[in-house]
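K.L.:
Pasting a structure here, questions to come.
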Amino acid sequence: MKISEILSPDSIFIDMKANNKRHLLQELAEKAAGYAGIDGRVAVDSVWERENLGSTGYGNGTAFPHARIDGLKKVVAVFGRLAQPIDFNAVDGKPVDLVFLLISPENSGADHLTALAMVSRVLKNPDVCEKLRQAGSRQEVMAILNS
């Protein structure tokens, strides 16, 4: 699996504005739902339910919210870079400005785990994260994520 199979330049949002974690997750989950062709409320509720189990804030200013959703046909991702970092209850206590949201079909065990591992490797690389923070366009973000 490649990032380009689950993410496109159209699903990358740079300089987003969000007041808080809930607002950010709602906005990104609704966008993902639109790309997946499912009800936005279902995506928002599923992502928030998973987030309530424990923060998906990885540290180093990154977060990786994700959920499995019944009825979804394929793995879908959206990426958001915030104009101003927000508190996300991250493991290191630092605010978050890079968010990669992933939704997967309920029964997509292998694909879900493959996507989680792929994105996790990207977000845990400080050099890649710094490049993502400096990127000037959606296309540049996509190129960084695919490298």
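We label chains A, B, ... in the order they appear in the structure tokens, count residues from 1 in each chain, and number ligands from 1 in the order shown.
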Residues at most 9 Å from segment 98-111 of chain A, counting only C-alpha atoms, excluding those fewer than 5 positions away in the same chain, as a count of residues only?
P.N.:
41
K.L.:
Find the residues near Pro9 of chain A: any atom within 10 Å, counting only C-alpha atoms, skip ones fewer than 2 places away on the same chain, and give them as a list in words.
P.N.:
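Using only C-alpha atoms, the neighbours found are Ser4, Leu7, Ser11, Ile12, Phe13, Val78, Phe79, Ser137, Arg138, Gln139, Glu140, Val141, Met142 and Ala143 of chain A.
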K.L.:
Go through A:Ile144, A:Ile86, A:Ala115, A:Ala135 and flag the residue nearest Lys2 of chain A, using only C-alpha atoms for the distances.
P.N.:
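Between A:Ile144, A:Ile86, A:Ala115, A:Ala135, the residue approaching Lys2 of chain A most closely is A:Ala115.
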K.L.:
Nearest to Gly93 of chain A: which of A:Asn60, A:Thr114, A:Ser120, A:Asn146 is it, counting only C-alpha atoms?
P.N.:
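Answer, going by the shortest atom-to-atom distance: A:Asn60.
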K.L.:
From a backbone DSSP assignment, name each residue in segment 4-142 of chain A labelled helix (DSSP H, G or I), as a PyMOL selection string.
P.N.:
chain A and resi 4-5+9-11+21-36+40-53+109-123+126-134+138-142
K.L.:
Excluding same-chain residues fewer than 6 positions from Val91 of chain A, what lies within 9 Å of it counting only C-alpha atoms, as a short mmCIF file (atom, residue, chain, number, x, y, z; two decimals) with all heavy atoms, in the first residue's frame?
P.N.:
data_model
loop_
_atom_site.label_atom_id
_atom_site.label_comp_id
_atom_site.auth_asym_id
_atom_site.auth_seq_id
_atom_site.Cartn_x
_atom_site.Cartn_y
_atom_site.Cartn_z
N SER A 55 -5.76 9.35 23.56
CA SER A 55 -5.35 10.33 22.56
C SER A 55 -4.49 9.70 21.47
O SER A 55 -3.63 8.86 21.74
CB SER A 55 -4.56 11.46 23.21
OG SER A 55 -4.13 12.38 22.22
N THR A 56 -4.73 10.14 20.25
CA THR A 56 -3.93 9.70 19.11
C THR A 56 -2.85 10.73 18.80
O THR A 56 -2.25 10.71 17.73
CB THR A 56 -4.80 9.44 17.87
OG1 THR A 56 -5.56 10.62 17.59
CG2 THR A 56 -5.74 8.26 18.10
N GLY A 57 -2.60 11.63 19.74
CA GLY A 57 -1.49 12.57 19.61
C GLY A 57 -0.19 11.84 19.86
O GLY A 57 0.08 11.40 20.97
N TYR A 58 0.61 11.66 18.80
CA TYR A 58 1.82 10.84 18.85
C TYR A 58 3.01 11.52 19.50
O TYR A 58 3.93 10.87 19.92
CB TYR A 58 2.23 10.48 17.42
CG TYR A 58 1.65 9.20 16.91
CD1 TYR A 58 0.45 8.71 17.36
CD2 TYR A 58 2.32 8.48 15.94
CE1 TYR A 58 -0.08 7.55 16.88
CE2 TYR A 58 1.80 7.30 15.44
CZ TYR A 58 0.59 6.84 15.92
OH TYR A 58 0.09 5.68 15.43
N GLY A 59 3.00 12.82 19.51
CA GLY A 59 4.17 13.55 19.96
C GLY A 59 4.82 14.27 18.81
O GLY A 59 4.47 14.06 17.64
#
K.L.:
Using only C-alpha atoms, which protein or nucleic acid residues come within 8 Å of Glu30 of chain A? Drop anything in the same chain fewer than 6 positions from it, and give the result as a short mmCIF file (atom, residue, chain, number, x, y, z; two decimals) with all heavy atoms, in the first residue's frame.
P.N.:
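And here is the file that came out, around37.cif:
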data_model
loop_
_atom_site.label_atom_id
_atom_site.label_comp_id
_atom_site.auth_asym_id
_atom_site.auth_seq_id
_atom_site.Cartn_x
_atom_site.Cartn_y
_atom_site.Cartn_z
N GLY A 40 -21.34 12.01 7.20
CA GLY A 40 -20.34 12.71 8.00
C GLY A 40 -20.49 12.48 9.49
O GLY A 40 -19.50 12.36 10.20
N ARG A 41 -21.72 12.39 9.95
CA ARG A 41 -21.96 12.19 11.39
C ARG A 41 -21.41 10.85 11.85
O ARG A 41 -20.86 10.72 12.95
CB ARG A 41 -23.47 12.28 11.66
CG ARG A 41 -23.83 12.27 13.11
CD ARG A 41 -23.63 13.63 13.76
NE ARG A 41 -22.53 13.54 14.69
CZ ARG A 41 -21.74 14.55 15.05
NH1 ARG A 41 -21.92 15.74 14.56
NH2 ARG A 41 -20.77 14.39 15.91
N ALA A 43 -18.85 9.24 10.56
CA ALA A 43 -17.39 9.36 10.62
C ALA A 43 -16.96 10.14 11.86
O ALA A 43 -16.04 9.73 12.57
CB ALA A 43 -16.85 10.02 9.36
N VAL A 44 -17.61 11.26 12.12
CA VAL A 44 -17.26 12.08 13.28
C VAL A 44 -17.44 11.27 14.56
O VAL A 44 -16.54 11.24 15.42
CB VAL A 44 -18.12 13.37 13.33
CG1 VAL A 44 -17.93 14.11 14.64
CG2 VAL A 44 -17.77 14.28 12.15
#
K.L.:
If you run DSSP over the backbone, which residues in segment 4-137 of chain A end up strand (DSSP E or B)? Put them as a ChimeraX atom specification.
P.N.:
/A:12-16,57-59,62-63,66-69,76-86,96-105
K.L.:
Return the single residue from A:Pro95, A:Gly37, A:Gly136, A:Pro126 that is closest to Lys21 of chain A, with distances computed using only C-alpha atoms.
P.N.:
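Nearest to Lys21 of chain A: A:Pro95.
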K.L.:
If you measure from atom CA of Ile3 of chain A to atom CA of Met118 of chain A, what distance in Å do you get, rounded to one decimal?
P.N.:
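Between atom CA of Ile3 of chain A and atom CA of Met118 of chain A the gap works out to 7.6 Å.
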